[in-house]
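One file, entry-v9.txt, carrying compact mmCIF, C-alpha atoms and all ligand atoms:
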```txt
# COMPACT_ATOMS: atom_id res chain seq x y z
CA MET A 51 41.13 51.12 -94.05
CA ALA A 52 41.68 47.44 -93.36
CA ILE A 53 42.06 46.19 -89.80
CA VAL A 54 44.93 43.99 -88.60
CA LEU A 55 44.68 42.08 -85.31
CA ILE A 56 48.10 41.32 -83.84
CA THR A 57 48.51 39.14 -80.75
CA GLY A 58 51.63 39.77 -78.67
CA ALA A 59 52.14 43.33 -79.90
CA THR A 60 53.91 44.56 -76.74
CA SER A 61 57.37 43.59 -77.99
CA GLY A 62 59.42 41.86 -80.68
CA PHE A 63 57.77 40.75 -83.93
CA GLY A 64 54.29 41.81 -82.85
CA GLU A 65 55.36 45.35 -82.01
CA ALA A 66 57.40 45.59 -85.24
CA CYS A 67 54.35 44.39 -87.22
CA ALA A 68 52.16 46.98 -85.49
CA LYS A 69 54.58 49.74 -86.53
CA LYS A 70 54.91 48.42 -90.10
CA PHE A 71 51.17 48.10 -90.72
CA ALA A 72 50.44 51.42 -88.98
CA ALA A 73 52.99 53.19 -91.18
CA ASN A 74 51.07 51.84 -94.18
CA GLY A 75 47.72 53.16 -92.97
CA TYR A 76 46.13 50.04 -91.44
CA ASP A 77 43.95 50.28 -88.34
CA LEU A 78 45.09 47.94 -85.59
CA ILE A 79 43.86 45.75 -82.77
CA ILE A 80 46.89 45.12 -80.57
CA THR A 81 46.92 42.59 -77.75
CA GLY A 82 49.19 41.44 -74.92
CA ARG A 83 49.23 41.17 -71.15
CA ARG A 84 51.16 44.40 -70.43
CA GLN A 85 48.56 47.16 -70.44
CA GLU A 86 51.07 50.02 -70.07
CA ARG A 87 52.93 48.94 -73.20
CA LEU A 88 49.70 48.57 -75.15
CA THR A 89 48.61 52.08 -74.15
CA ALA A 90 52.00 53.60 -75.02
CA LEU A 91 52.00 51.88 -78.44
CA GLN A 92 48.41 52.92 -79.08
CA GLU A 93 49.19 56.57 -78.32
CA GLN A 94 52.39 56.55 -80.39
CA LEU A 95 50.86 54.93 -83.49
CA GLN A 96 47.64 56.97 -83.41
CA GLN A 97 49.64 60.17 -83.17
CA GLU A 98 52.30 59.31 -85.76
CA HIS A 99 50.07 57.71 -88.39
CA LYS A 100 46.55 59.08 -87.77
CA ILE A 101 45.12 55.56 -87.64
CA ALA A 102 42.74 53.96 -85.13
CA VAL A 103 44.19 51.53 -82.58
CA LEU A 104 42.22 49.31 -80.21
CA PRO A 105 44.37 47.90 -77.39
CA LEU A 106 43.10 44.71 -75.72
CA CYS A 107 44.76 43.36 -72.60
CA PHE A 108 44.27 39.62 -72.04
CA ASP A 109 46.14 36.36 -71.63
CA VAL A 110 45.72 34.13 -74.68
CA ARG A 111 45.82 31.07 -72.37
CA ASP A 112 42.54 32.12 -70.73
CA GLN A 113 39.83 30.97 -73.11
CA GLN A 114 37.11 32.82 -71.24
CA ALA A 115 39.07 36.07 -71.37
CA VAL A 116 39.76 35.58 -75.08
CA ASN A 117 36.06 35.01 -75.76
CA THR A 118 34.85 37.86 -73.55
CA VAL A 119 37.36 40.54 -74.48
CA LEU A 120 37.43 39.82 -78.22
CA GLY A 121 33.75 38.93 -78.40
CA ASN A 122 32.72 42.25 -76.85
CA ILE A 123 34.53 44.64 -79.16
CA PRO A 124 32.31 46.99 -81.18
CA ASP A 125 31.01 45.37 -84.39
CA ASN A 126 32.89 47.77 -86.66
CA TRP A 127 36.17 46.41 -85.22
CA LYS A 128 35.18 42.85 -86.15
CA ALA A 129 35.82 43.60 -89.83
CA VAL A 130 39.34 42.25 -89.35
CA SER A 131 41.22 41.55 -92.61
CA ILE A 132 44.41 40.06 -91.21
CA LEU A 133 44.98 38.08 -88.01
CA ILE A 134 48.61 37.73 -86.97
CA ASN A 135 48.84 34.92 -84.41
CA ASN A 136 52.15 35.94 -82.93
CA ALA A 137 51.88 35.72 -79.11
CA GLY A 138 54.17 32.98 -77.92
CA LEU A 139 57.27 32.07 -76.00
CA ALA A 140 59.90 29.52 -75.09
CA LEU A 141 60.67 28.76 -71.46
CA GLY A 142 63.86 27.02 -70.38
CA MET A 143 66.49 25.08 -72.29
CA SER A 144 67.29 21.93 -70.34
CA SER A 145 67.54 18.28 -71.17
CA ILE A 146 64.02 16.86 -71.18
CA GLU A 147 64.39 14.92 -67.92
CA ASP A 148 65.59 18.02 -66.05
CA ASP A 149 62.98 20.47 -67.32
CA ASP A 150 60.05 21.86 -65.34
CA VAL A 151 56.58 20.61 -66.17
CA SER A 152 55.32 24.16 -65.62
CA ASN A 153 57.49 25.35 -68.55
CA TRP A 154 55.85 22.74 -70.77
CA ASP A 155 52.36 23.69 -69.64
CA THR A 156 52.96 27.39 -70.31
CA MET A 157 54.42 26.82 -73.79
CA ILE A 158 51.68 24.40 -74.83
CA ASP A 159 48.93 26.61 -73.40
CA THR A 160 50.27 29.77 -75.05
CA ASN A 161 51.75 28.66 -78.37
CA ILE A 162 49.14 26.06 -79.29
CA LYS A 163 45.97 26.55 -77.27
CA GLY A 164 46.15 30.36 -77.20
CA LEU A 165 46.53 30.50 -80.97
CA LEU A 166 43.53 28.20 -81.34
CA TYR A 167 41.35 30.18 -78.90
CA VAL A 168 41.99 33.47 -80.72
CA SER A 169 41.49 31.89 -84.14
CA LYS A 170 38.19 30.33 -83.06
CA VAL A 171 36.79 33.79 -82.28
CA VAL A 172 38.17 35.57 -85.34
CA ILE A 173 37.53 32.98 -88.10
CA PRO A 174 33.75 33.64 -88.17
CA TRP A 175 34.49 37.36 -88.67
CA LEU A 176 36.65 36.51 -91.71
CA LYS A 177 34.12 33.98 -93.01
CA ALA A 178 31.40 36.62 -92.88
CA GLN A 179 33.48 38.75 -95.24
CA ARG A 180 34.41 35.76 -97.44
CA LYS A 181 38.03 36.89 -97.38
CA GLY A 182 40.85 37.40 -94.96
CA HIS A 183 44.31 36.25 -94.02
CA ILE A 184 45.62 34.38 -91.00
CA ILE A 185 49.36 34.58 -90.45
CA ASN A 186 50.72 32.17 -87.83
CA LEU A 187 54.17 32.53 -86.28
CA GLY A 188 55.90 29.18 -86.36
CA SER A 189 59.68 28.93 -86.23
CA THR A 190 62.60 27.07 -87.75
CA ALA A 191 62.01 25.03 -84.56
CA ALA A 192 58.85 23.75 -86.28
CA LYS A 193 60.94 22.23 -89.03
CA GLN A 194 63.81 20.61 -87.06
CA VAL A 195 64.27 19.82 -83.39
CA TYR A 196 67.41 21.14 -81.68
CA ALA A 197 69.04 19.87 -78.49
CA LYS A 198 67.09 20.85 -75.36
CA GLY A 199 64.33 22.32 -77.54
CA HIS A 200 61.89 19.35 -77.22
CA VAL A 201 58.62 20.93 -76.08
CA TYR A 202 59.16 24.38 -77.63
CA CYS A 203 59.94 22.72 -80.98
CA ALA A 204 56.87 20.51 -80.57
CA THR A 205 54.62 23.54 -80.01
CA LYS A 206 55.92 25.14 -83.20
CA ALA A 207 55.52 21.87 -85.14
CA ALA A 208 51.91 21.99 -83.91
CA VAL A 209 51.57 25.53 -85.29
CA ASP A 210 52.86 24.19 -88.60
CA SER A 211 50.26 21.39 -88.62
CA ILE A 212 47.44 23.66 -87.45
CA SER A 213 48.31 26.11 -90.24
CA GLN A 214 48.09 23.31 -92.82
CA GLY A 215 44.72 22.24 -91.40
CA MET A 216 43.38 25.79 -91.32
CA ARG A 217 44.44 26.27 -94.94
CA ILE A 218 42.42 23.26 -96.09
CA ASP A 219 39.35 24.02 -93.98
CA LEU A 220 39.24 27.72 -94.81
CA LEU A 221 39.87 27.32 -98.53
CA PRO A 222 36.14 27.35 -99.42
CA HIS A 223 35.88 30.70 -97.63
CA ARG A 224 38.82 32.18 -99.57
CA ILE A 225 40.73 32.83 -96.37
CA LYS A 226 44.49 32.74 -96.83
CA VAL A 227 46.67 31.01 -94.24
CA THR A 228 50.40 31.68 -94.09
CA ALA A 229 52.84 30.13 -91.63
CA VAL A 230 55.98 32.24 -91.20
CA HIS A 231 58.92 30.38 -89.66
CA PRO A 232 61.77 32.69 -88.60
CA GLY A 233 65.12 31.53 -87.30
CA ALA A 234 66.97 33.21 -84.44
CA ALA A 235 65.88 36.83 -84.07
CA VAL A 236 66.82 39.35 -81.44
CA THR A 237 63.72 40.37 -79.47
CA GLU A 238 62.74 39.78 -75.84
CA PHE A 239 62.39 36.07 -76.73
CA SER A 240 65.65 34.87 -75.13
CA GLU A 241 65.26 37.05 -72.04
CA VAL A 242 61.86 35.44 -71.53
CA ARG A 243 63.23 31.96 -72.26
CA PHE A 244 66.06 32.41 -69.72
CA LYS A 245 63.73 34.10 -67.22
CA GLY A 246 65.45 37.47 -67.14
CA ASP A 247 69.06 36.18 -67.26
CA LYS A 248 70.38 38.86 -69.61
CA GLU A 249 73.85 37.31 -69.88
CA LYS A 250 72.46 33.96 -71.04
CA ALA A 251 70.13 35.74 -73.45
CA ASP A 252 72.95 37.86 -74.92
CA ASN A 253 75.21 34.81 -75.23
CA PHE A 254 72.65 33.10 -77.44
CA TYR A 255 73.20 35.76 -80.13
CA LYS A 256 77.03 35.82 -79.93
CA GLY A 257 79.01 35.15 -83.11
CA PHE A 258 76.29 35.85 -85.66
CA GLN A 259 74.04 38.65 -86.80
CA PRO A 260 70.49 37.52 -86.02
CA LEU A 261 67.27 38.61 -87.69
CA THR A 262 65.49 41.62 -86.20
CA GLY A 263 61.82 42.16 -85.47
CA GLU A 264 61.75 44.56 -88.41
CA ASP A 265 63.11 41.87 -90.80
CA VAL A 266 60.27 39.58 -89.79
CA ALA A 267 57.64 42.36 -89.91
CA ASP A 268 58.76 43.35 -93.42
CA THR A 269 58.35 39.72 -94.55
CA ILE A 270 54.93 39.39 -92.93
CA TYR A 271 53.86 42.66 -94.55
CA TYR A 272 55.02 41.34 -97.94
CA CYS A 273 52.97 38.14 -97.48
CA ALA A 274 49.94 40.18 -96.41
CA THR A 275 49.99 42.56 -99.37
CA LEU A 276 50.25 40.17 -102.30
CA PRO A 277 47.41 40.21 -104.86
CA PRO A 278 44.14 38.61 -103.64
CA HIS A 279 44.68 35.42 -105.71
CA VAL A 280 48.21 34.79 -104.35
CA CYS A 281 49.03 33.12 -101.02
CA ILE A 282 52.40 32.22 -99.54
CA ASN A 283 51.56 29.09 -97.58
CA ASP A 284 54.76 28.38 -95.73
CA LEU A 285 57.81 30.59 -95.41
CA VAL A 286 61.09 29.81 -93.62
CA MET A 287 63.48 32.72 -93.10
CA THR A 288 66.82 32.89 -91.32
CA CYS A 289 69.77 35.22 -91.06
CA VAL A 290 72.57 34.44 -93.49
CA GLN A 291 74.62 32.64 -90.81
CA GLN A 292 71.86 30.12 -90.01
CA ALA A 293 70.98 27.15 -92.26
CA ASN A 294 68.29 25.44 -90.20
CA ALA A 295 67.03 25.28 -86.62
CA TYR A 296 70.36 24.05 -85.23
CA TYR A 297 73.08 24.68 -87.82
CA PHE A 298 74.90 28.01 -87.60
CA ASP A 299 78.17 29.33 -88.98
CA LYS A 300 79.26 31.55 -86.10
CA GLU A 301 82.36 33.80 -86.08
P1 LIG B 401 58.86 38.58 -77.54
O1 LIG B 401 59.10 37.95 -76.20
O2 LIG B 401 59.62 39.81 -77.87
O3 LIG B 401 57.30 38.85 -77.75
C1 LIG B 401 56.35 37.89 -77.39
C2 LIG B 401 54.97 38.53 -77.36
O4 LIG B 401 54.01 37.52 -77.01
C3 LIG B 401 54.86 39.64 -76.34
O5 LIG B 401 54.14 40.71 -76.90
C4 LIG B 401 54.04 39.01 -75.21
O6 LIG B 401 53.22 39.99 -74.61
C5 LIG B 401 53.18 38.01 -75.98
N1 LIG B 401 52.71 36.92 -75.12
C6 LIG B 401 53.47 35.94 -74.56
N2 LIG B 401 52.69 35.16 -73.76
C7 LIG B 401 51.43 35.67 -73.85
C8 LIG B 401 50.19 35.30 -73.26
N3 LIG B 401 50.08 34.25 -72.44
N4 LIG B 401 49.09 36.04 -73.55
C9 LIG B 401 49.19 37.09 -74.37
N5 LIG B 401 50.32 37.49 -74.97
C10 LIG B 401 51.44 36.78 -74.71
O7 LIG B 401 59.19 37.42 -78.59
P2 LIG B 401 59.18 37.40 -80.21
O8 LIG B 401 58.64 38.64 -80.76
O9 LIG B 401 60.51 36.94 -80.62
O10 LIG B 401 58.18 36.19 -80.44
C11 LIG B 401 56.97 36.31 -81.15
C12 LIG B 401 56.62 34.95 -81.73
O11 LIG B 401 57.61 34.53 -82.65
C13 LIG B 401 56.52 33.82 -80.69
O12 LIG B 401 55.45 32.98 -81.07
C14 LIG B 401 57.86 33.10 -80.85
O13 LIG B 401 57.76 31.75 -80.46
C15 LIG B 401 58.10 33.23 -82.33
N6 LIG B 401 59.48 33.14 -82.80
C16 LIG B 401 60.49 33.87 -82.24
C17 LIG B 401 61.78 33.78 -82.77
C18 LIG B 401 62.93 34.52 -82.17
O14 LIG B 401 64.09 34.07 -82.34
N7 LIG B 401 62.74 35.63 -81.51
C19 LIG B 401 62.05 32.95 -83.94
C20 LIG B 401 60.92 32.22 -84.42
C21 LIG B 401 59.68 32.33 -83.89
P3 LIG B 401 52.97 40.15 -73.02
O15 LIG B 401 54.20 39.68 -72.33
O16 LIG B 401 52.67 41.61 -72.87
O17 LIG B 401 51.78 39.30 -72.78
C1 LIG B 402 62.75 30.82 -81.89
C2 LIG B 402 64.06 30.59 -82.54
O1 LIG B 402 66.19 29.22 -82.49
O2 LIG B 402 65.38 30.04 -80.37
O3 LIG B 402 61.76 30.03 -82.42
O4 LIG B 402 64.20 28.27 -81.49
S1 LIG B 402 64.98 29.48 -81.66
```

Show me this structure written as structure tokens.
Ligand code: NDP
Ligand code: 8X3
Amino acid sequence: MAIVLITGATSGFGEACAKKFAANGYDLIITGRRQERLTALQEQLQQEHKIAVLPLCFDVRDQQAVNTVLGNIPDNWKAVSILINNAGLALGMSSIEDDDVSNWDTMIDTNIKGLLYVSKVVIPWLKAQRKGHIINLGSTAAKQVYAKGHVYCATKAAVDSISQGMRIDLLPHRIKVTAVHPGAAVTEFSEVRFKGDKEKADNFYKGFQPLTGEDVADTIYYCATLPPHVCINDLVMTCVQQANAYYFDKE
């Protein structure tokens, strides 16, 4: 069966994608920094779906770790069909002059450079097969900037641009590139953004019914299973109470 490599599979969209693709018989490479979650997901999916799962624990910001860990997997696992570049985060929500430089560094290093490091290793594997699909997680924040979103929005705009560039450069190799841009979705995203402040995280989702990880995974699965000659290039999805990155109709 085909192999899907999902970065950031220890929670949220990545975990939901792992479950969706596993339920449909795909073998999986799942990555993240939390080994115990990777092991638990591996055991669960292997048992429930009789598929093969390779868990890889590394930080996408560490280029050497990305190269070593991914580069050293057995050759049969390098026949990846679909790469889902999902690992990412927002940190903080302050006016630009009040924000911490370390938040900016982490977001830029993870959302932009991490995605590039992983792609750099995997693209030759896809090229060798003369087919494949890269699915990058952008955001509505790639399309409009919201107040106090500055650097996070910029990292997702970069994902949008990188996806467009990848699509052009990989066209001769028949590799599809899809950027999926979800709006507000309830995952661990806001808890991470507000550094464990559960009240602030919960408040973010008050007054509207956000997307779920499963909504996004279903959409990614749809994009990934279209006929070989069809590619969705750019897809923006929101819950019904959200019109763009900053405009909501809350109760
Ligand atoms: P979660 O916080 O639930 O999941 C994020 C995942 O990324 C985790 O598995 C985490 O794993 C992984 N990750 C974060 N930093 C690193 C790192 N340095 N190295 C390796 N893995 C890392 O958030 P979501 O599922 O919501 O977010 C997934 C993607 O979707 C992100 O790119 C996010 O920006 C984007 N997005 C989210 C939206 C939302 O409203 N939730 C909307 C639009 C886009 P671990 O901690 O184990 O390393
Ligand atoms: C994540 C969605 O609205 O918090 O990209 O920016 S939002």

>> Just want the residues within 6 Å of ligand LIG 402 (chain B), written as an MDAnalysis selection string, counting only C-alpha atoms and all ligand atoms.
In response: chainID A and resid 189 191 233:234 295

With the cut-off set at 7 Å and counting all atoms listed in the file, tabulate each residue of range 195-228 of chain A with an atom at most that distance from an atom of range 142-153 of chain A, showing the nearest atom pair and its distance in Å to one decimal, ordered by chain and increasing number, as JSON lines.
```
{"residue": "A:Lys198", "atom": "CA", "partner": "A:Ser145", "partner_atom": "CA", "distance": 4.9}
{"residue": "A:Gly199", "atom": "CA", "partner": "A:Met143", "partner_atom": "CA", "distance": 6.3}
{"residue": "A:His200", "atom": "CA", "partner": "A:Ile146", "partner_atom": "CA", "distance": 6.9}
```

> Mind listing as a PyMOL selection string all residues within 12 Å of (36.6, 45.2, -70.5), counting only C-alpha atoms?
Replying inline: chain A and resi 104-108+115-124

> By how many Å are CA of Gln114 in chain A and CA of Thr60 in chain A apart?
Replying inline: 21.2 Å

>> Please determine, counting all atoms listed in the file, which residue among A:Gln259, A:Thr228, A:Gln94, A:Thr156 has the shortest atom-to-atom distance to ligand LIG 401 (chain B).
In response: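 The closest residue to ligand LIG 401 (chain B) is A:Thr156.
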
>> One decimal, in Å: what's the spacing between CA of Cys203 in chain A and CA of Gly58 in chain A?
In response: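 Answer for the CA of Cys203 in chain A to CA of Gly58 in chain A separation: 19.1 Å.
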
> When distances are computed from only C-alpha atoms, which of A:Lys226, A:Glu65, A:Val172, A:Val209 shows the smallest separation from Pro277 in chain A?
Replying inline: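 Of A:Lys226, A:Glu65, A:Val172, A:Val209, the one nearest Pro277 in chain A, counting only C-alpha atoms, is A:Lys226.
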
> What does the distance between atom O14 of ligand LIG 401 (chain B) and CA of Tyr255 in chain A come to in Å, to one decimal place?
Replying inline: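 Pair atom O14 of ligand LIG 401 (chain B) / CA of Tyr255 in chain A returns 9.5 Å.
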
> How would you write as a PyMOL selection string the residues that get within 8 Å of (41.7, 37.6, -94.0) in the file's frame, counting only C-alpha atoms?
Replying inline: chain A and resi 130-133+176+181-184+225-226

> For Ala207 in chain A, which residue out of A:Ala192, A:Ala137, A:Leu221, A:Ile79 is the nearest one, using all atoms listed in the file?
Replying inline: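 Selected residue with least distance to Ala207 in chain A: A:Ala192.
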
> When distances are computed from all atoms listed in the file, which of A:Cys67, A:Leu141, A:Ala235, A:Leu91 shows the smallest separation from Val290 in chain A?
Replying inline: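 Distance minimum relative to Val290 in chain A lands on A:Ala235.
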
>> For a quick check of understanding, using all atoms listed in the file, which of A:Val110, A:Val236, A:Leu55, A:Val286 has the smallest distance to Ala129 in chain A?
In response: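 Of the candidates, the smallest distance to Ala129 in chain A is held by A:Leu55.
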